Amino acid sequence: MKVAELEKPGSLRVRSKPLRALQGDEVLVRVESCGLCGTDVHIVDGTSRSTPPVILGHEYAGFVVDPGRNLAGLGEGTHVAVDPNICCGRCPYCRRGLVHLCSGLRALGVDIDGGMAEYSIVPASQLYTIPHGMTAEESMFIEPVSCAVHGMDRAGIRTGDCVVILGGGTIGLVMLQLVRRGGAAAIVVSEPVAHKRKIAADLGASLVIDPAGDSLRQAIMDTSGIGADVVIDCAGTLSSARTAIDLARRGGTVMFFGVCPIGETTPLEPNGVYFRELTIVGSYINPFTFPRAIGLLSEGIVRVTPLGVQAYPIESVHEALASLRDGRALKNMIVPGT
Ligand SMILES: [Zn+2]
Ligand SMILES: [Zn+2]
């Protein structure tokens with residue numbers, strides 16, 4: 001079968017790879033669609049961790065071809081989404097219910113062969129049945145939406161809050177829809193790229209700001225009078241991290257959601273965190289949030305069509321990554337067999 005395999009950081013190759021036999025509780029899935037995201041760009045560039053050689057792709061859905069020992073009770077042809085994050089179930093974190101912080105966490109498409117392939121072998125425990133009527137694009141979005149749902153849990157937004165989202169990329173635009181549904185009164189999105197600002201406005205942002213031209217701080221002071229109740233950093237840069245801390249009101253919450261390159265640091269004034277009584281939280285992957293993500297997408301509460309996802313065959317994976325890297329595309333997906 002045709003696959004996109006990371007040989008080592010900096011070297012992603014499209015090649016042919018034989019399928020191995022199923023073992024244990026594994027299920028063979030024919031991949032319908034597999035999203036590419038900033039994490040894939042970071043993995044390929046070597047600024048996010050991975051265990052090569054490995055087939056990339058952690059946002060994917062497909063159809064059961066061979067249910068193996070059928071421990072999940074999934075019939076052939078069942079439409080399924082794949083939760084790529086596999087916890088050990090035995091470590092002290094897993095035993096506290098913190099499966100996403102598992103000390104032995106491994107992920108399909110990062111450490112184990114993932115979804116940028118015609119077929120994928122997936123442990124039955126990682127599969128979720130997709131309701132009828134969901135498109136390939138929506139199905140591929142279940143994984144990123146599941147991460148945003150965890151972000152909502154972490155951010156603790158209250159009805160009527162003023163929320164700032166830094167970065168109007170894919171995740172920022174998904175988060176915007178969740179924040180809106182979650183009851184925020186004012187949602188300010190800061191995004192340098194004009195067409196992304198337009199989508200953010202269409203999806204219900206109260207105010208969209210170009211950080212290059214407008215004063216974000218002034219706009220937020222004009223909106224709430226005291227700063228943001230919650231700032232969500234979906235941009236994942238040192239500058240956005242600093243901005244996020246700066247924009248929160250006294251007693252506000254700052255959430256780091258975007259992936260900043262490993263090892264990059266920025267100064268923090270502990271006295272400011274103390275005196276302003278800030279809550280600074282991270283949000284990492286998607287513990288137990290797949291069912292809610294499926295519900296939000298199948299009910300049309302999170303809409304992905306406005307994001308203009310582009311589909312590519314596996315052979316064009318480099319082109320798909322390049323258009324993400326230079327910001328031309330918002331979201332791309334690989335559709336094997338096209
Ligand atoms: Zn991703
Ligand atoms: Zn564990």
# chains A, B, ... in the order shown; residues from 1 in each chain; ligands from 1
$ residues_around --residues "segment 135-145 of chain A" --least-positions-apart "4" --cutoff "7 Å" --atoms "only C-alpha atoms" --output "PyMOL selection string"
chain A and resi 32-35+59-61+81+83+149+174+290+293-294+297+304
$ write_last_selection --atoms "N, CA and C atoms" --output "compact mmCIF listing (two decimals), in the first residue's frame"
# COMPACT_ATOMS: atom_id res chain seq x y z
N GLU A 32 -10.33 6.77 4.92
CA GLU A 32 -11.18 7.59 4.05
C GLU A 32 -10.56 8.99 3.90
N SER A 33 -10.14 9.57 5.01
CA SER A 33 -9.59 10.93 5.00
C SER A 33 -8.66 11.08 6.20
N CYS A 34 -7.58 11.84 5.99
CA CYS A 34 -6.61 12.05 7.07
C CYS A 34 -6.16 13.50 7.04
N GLY A 35 -6.42 14.23 8.12
CA GLY A 35 -6.06 15.64 8.17
C GLY A 35 -4.58 15.86 8.39
N GLU A 59 -5.04 12.39 12.45
CA GLU A 59 -6.43 12.87 12.41
C GLU A 59 -7.13 12.11 11.30
N TYR A 60 -7.70 10.95 11.61
CA TYR A 60 -8.26 10.19 10.49
C TYR A 60 -9.47 9.34 10.83
N ALA A 61 -10.17 9.00 9.75
CA ALA A 61 -11.37 8.19 9.84
C ALA A 61 -11.38 7.25 8.65
N ALA A 81 -14.00 6.58 13.47
CA ALA A 81 -12.97 7.59 13.70
C ALA A 81 -11.92 6.97 14.60
N ASP A 83 -9.13 7.51 17.52
CA ASP A 83 -8.45 8.33 18.53
C ASP A 83 -6.99 7.88 18.53
N VAL A 149 -12.35 20.49 22.48
CA VAL A 149 -13.33 20.23 23.55
C VAL A 149 -12.62 20.14 24.90
N VAL A 174 -12.24 26.62 15.20
CA VAL A 174 -13.06 25.59 15.87
C VAL A 174 -13.36 26.07 17.30
N PHE A 290 -13.72 12.31 22.63
CA PHE A 290 -14.18 11.92 21.29
C PHE A 290 -15.71 11.89 21.16
N ALA A 293 -16.98 15.38 20.71
CA ALA A 293 -16.57 15.95 19.41
C ALA A 293 -17.46 15.40 18.29
N ILE A 294 -17.75 14.11 18.36
CA ILE A 294 -18.62 13.50 17.34
C ILE A 294 -20.01 14.14 17.40
N LEU A 297 -19.98 17.73 15.87
CA LEU A 297 -19.86 17.76 14.40
C LEU A 297 -21.12 17.19 13.74
N VAL A 304 -17.37 22.85 9.67
CA VAL A 304 -16.02 22.83 9.11
C VAL A 304 -15.98 23.24 7.64
$ closest_atom_pairs --of "segment 156-177 of chain A" --to "segment 207-213 of chain A" --cutoff "10 Å" --atoms "only C-alpha atoms" --output "JSON lines"
{"residue": "A:Val164", "atom": "CA", "partner": "A:Leu207", "partner_atom": "CA", "distance": 9.5}
{"residue": "A:Ile165", "atom": "CA", "partner": "A:Val208", "partner_atom": "CA", "distance": 9.6}
{"residue": "A:Leu166", "atom": "CA", "partner": "A:Pro211", "partner_atom": "CA", "distance": 9.3}
{"residue": "A:Gly167", "atom": "CA", "partner": "A:Pro211", "partner_atom": "CA", "distance": 9.8}
{"residue": "A:Gly168", "atom": "CA", "partner": "A:Val208", "partner_atom": "CA", "distance": 9.2}
$ atom_distance --atom1 "atom CA of Gln177 of chain A" --atom2 "atom CA of Ser283 of chain A"
17.4 Å
$ residues_near_ligand --ligand "ligand 1" --cutoff "12 Å" --atoms "only C-alpha atoms and all ligand atoms" --output "PyMOL selection string"
chain A and resi 34-43+48+56-60+83-85+107-110+114-115+140-148+170-171+257-259+284-286+331-333
$ closest_residue --among "A:Glu299, A:Glu264, A:Thr253, A:Gln310" --to "Glu277 of chain A" --atoms "only C-alpha atoms"
A:Thr253
$ residues_around --residues "Leu6 of chain A" --least-positions-apart "4" --cutoff "10 Å" --atoms "only C-alpha atoms" --output "ChimeraX atom specification"
/A:10-14,43-44,50-56,109-110,113
$ select_by_dssp --residues "segment 21-238 of chain A" --states "helix (DSSP H, G or I)" --output "PyMOL selection string"
chain A and resi 38-45+94-96+99-101+124-126+136-140+142-155+170-181+194-202+216-224+238
$ residues_near_ligand --ligand "ligand 2" --cutoff "9 Å" --atoms "only C-alpha atoms and all ligand atoms" --output "count of residues only"
18
$ select_by_dssp --residues "segment 98-309 of chain A" --states "strand (DSSP E)" --output "ChimeraX atom specification"
/A:106-107,119-123,127-129,162-166,186-190,207-209,228-233,248-256,279-282
$ write_last_selection --atoms "N, CA and C atoms" --output "CSV table (one decimal), in the first residue's frame"
chain,number,residue,atom,x,y,z
A,106,ARG,N,1.6,6.7,23.7
A,106,ARG,CA,2.1,6.6,22.3
A,106,ARG,C,0.9,7.0,21.4
A,107,ALA,N,1.3,7.5,20.3
A,107,ALA,CA,0.2,8.0,19.4
A,107,ALA,C,0.4,7.4,18.0
A,119,TYR,N,-4.4,2.0,4.2
A,119,TYR,CA,-5.0,1.3,5.3
A,119,TYR,C,-4.2,1.5,6.5
A,120,SER,N,-4.9,1.3,7.7
A,120,SER,CA,-4.2,1.5,9.0
A,120,SER,C,-4.7,0.4,9.9
A,121,ILE,N,-3.7,-0.1,10.7
A,121,ILE,CA,-4.0,-1.1,11.7
A,121,ILE,C,-4.2,-0.4,13.0
A,122,VAL,N,-5.4,-0.5,13.6
A,122,VAL,CA,-5.7,0.3,14.8
A,122,VAL,C,-6.2,-0.6,15.9
A,123,PRO,N,-5.8,-0.4,17.2
A,123,PRO,CA,-6.3,-1.2,18.3
A,123,PRO,C,-7.8,-0.9,18.4
A,127,LEU,N,-11.1,3.0,18.4
A,127,LEU,CA,-12.1,3.3,17.4
A,127,LEU,C,-13.5,3.8,17.9
A,128,TYR,N,-14.1,4.7,17.3
A,128,TYR,CA,-15.4,5.3,17.6
A,128,TYR,C,-16.3,5.2,16.4
A,129,THR,N,-17.5,4.7,16.5
A,129,THR,CA,-18.4,4.6,15.4
A,129,THR,C,-18.9,6.0,15.1
A,162,CYS,N,-15.9,37.6,28.5
A,162,CYS,CA,-15.2,38.2,27.3
A,162,CYS,C,-14.0,37.3,27.1
A,163,VAL,N,-13.9,36.7,25.9
A,163,VAL,CA,-12.9,35.8,25.6
A,163,VAL,C,-12.1,36.3,24.4
A,164,VAL,N,-10.8,36.2,24.5
A,164,VAL,CA,-9.9,36.5,23.3
A,164,VAL,C,-9.3,35.2,22.8
A,165,ILE,N,-9.3,35.1,21.5
A,165,ILE,CA,-8.6,33.9,20.9
A,165,ILE,C,-7.5,34.5,20.0
A,166,LEU,N,-6.3,34.1,20.3
A,166,LEU,CA,-5.1,34.6,19.5
A,166,LEU,C,-4.8,33.5,18.5
A,186,ALA,N,-18.7,38.2,24.5
A,186,ALA,CA,-17.9,38.9,23.5
A,186,ALA,C,-16.7,38.0,23.2
A,187,ILE,N,-16.4,37.8,21.9
A,187,ILE,CA,-15.3,37.0,21.5
A,187,ILE,C,-14.5,37.8,20.5
A,188,VAL,N,-13.2,38.1,20.9
A,188,VAL,CA,-12.3,38.8,20.0
A,188,VAL,C,-11.3,37.9,19.5
A,189,VAL,N,-11.2,37.9,18.1
A,189,VAL,CA,-10.2,37.0,17.5
A,189,VAL,C,-9.1,37.9,16.9
A,190,SER,N,-7.9,37.5,17.2
A,190,SER,CA,-6.7,38.3,16.6
A,190,SER,C,-6.0,37.4,15.6
A,207,LEU,N,-15.6,40.6,17.3
A,207,LEU,CA,-14.6,41.5,16.8
A,207,LEU,C,-13.5,40.8,16.2
A,208,VAL,N,-13.0,41.1,15.0
A,208,VAL,CA,-11.8,40.5,14.5
A,208,VAL,C,-10.7,41.6,14.4
A,209,ILE,N,-9.5,41.3,14.8
A,209,ILE,CA,-8.4,42.3,14.9
A,209,ILE,C,-7.2,41.8,14.1
A,228,ALA,N,-9.5,40.7,29.3
A,228,ALA,CA,-10.2,39.5,28.9
A,228,ALA,C,-10.4,38.6,30.1
A,229,ASP,N,-11.6,38.0,30.3
A,229,ASP,CA,-11.8,37.0,31.3
A,229,ASP,C,-10.9,35.8,31.0
A,230,VAL,N,-10.9,35.4,29.7
A,230,VAL,CA,-10.2,34.2,29.3
A,230,VAL,C,-9.5,34.6,28.0
A,231,VAL,N,-8.2,34.2,28.0
A,231,VAL,CA,-7.4,34.4,26.7
A,231,VAL,C,-6.9,33.0,26.3
A,232,ILE,N,-7.3,32.6,25.0
A,232,ILE,CA,-6.9,31.3,24.5
A,232,ILE,C,-5.8,31.5,23.4
A,233,ASP,N,-4.6,31.0,23.7
A,233,ASP,CA,-3.5,31.2,22.7
A,233,ASP,C,-3.5,30.0,21.8
A,248,ALA,N,-5.0,39.3,29.8
A,248,ALA,CA,-6.0,38.8,30.7
A,248,ALA,C,-6.3,39.8,31.8
A,249,ARG,N,-7.5,39.9,32.3
A,249,ARG,CA,-7.8,40.8,33.4
A,249,ARG,C,-7.3,40.3,34.7
A,250,ARG,N,-7.3,41.1,35.7
A,250,ARG,CA,-7.0,40.5,37.1
A,250,ARG,C,-7.9,39.4,37.3
A,251,GLY,N,-7.4,38.3,37.8
A,251,GLY,CA,-8.2,37.1,38.1
A,251,GLY,C,-8.6,36.3,36.9
A,252,GLY,N,-8.1,36.7,35.7
A,252,GLY,CA,-8.4,36.0,34.5
A,252,GLY,C,-7.6,34.7,34.3
A,253,THR,N,-8.0,34.1,33.2
A,253,THR,CA,-7.4,32.8,32.8
A,253,THR,C,-6.7,32.9,31.5
A,254,VAL,N,-5.5,32.3,31.4
A,254,VAL,CA,-4.7,32.2,30.2
A,254,VAL,C,-4.6,30.7,29.8
A,255,MET,N,-4.9,30.4,28.6
A,255,MET,CA,-4.8,29.0,28.3
A,255,MET,C,-3.8,28.8,27.0
A,256,PHE,N,-2.8,28.0,27.2
A,256,PHE,CA,-1.9,27.7,26.1
A,256,PHE,C,-2.4,26.5,25.4
A,279,THR,N,-4.7,32.7,36.4
A,279,THR,CA,-4.7,31.2,36.2
A,279,THR,C,-4.1,30.9,34.9
A,280,ILE,N,-3.0,30.2,34.8
A,280,ILE,CA,-2.4,29.9,33.6
A,280,ILE,C,-2.5,28.4,33.4
A,281,VAL,N,-3.1,27.9,32.3
A,281,VAL,CA,-3.3,26.5,32.1
A,281,VAL,C,-2.9,26.1,30.7
A,282,GLY,N,-2.5,24.8,30.6
A,282,GLY,CA,-2.2,24.2,29.4
A,282,GLY,C,-3.4,23.3,29.0
$ closest_residue --among "A:Gly225, A:Pro287, A:Gly73, A:Pro270" --to "Asp153 of chain A" --atoms "only C-alpha atoms"
A:Pro287
$ atom_distance --atom1 "atom CA of Ser125 of chain A" --atom2 "atom CA of Glu26 of chain A"
8.7 Å
$ residues_around --residues "Arg180 of chain A" --least-positions-apart "4" --cutoff "8 Å" --atoms "only C-alpha atoms" --output "list of chain:residue names"
A:Leu176, A:Ala184, A:Ala185, A:Ile187, A:Gly204, A:Ala205
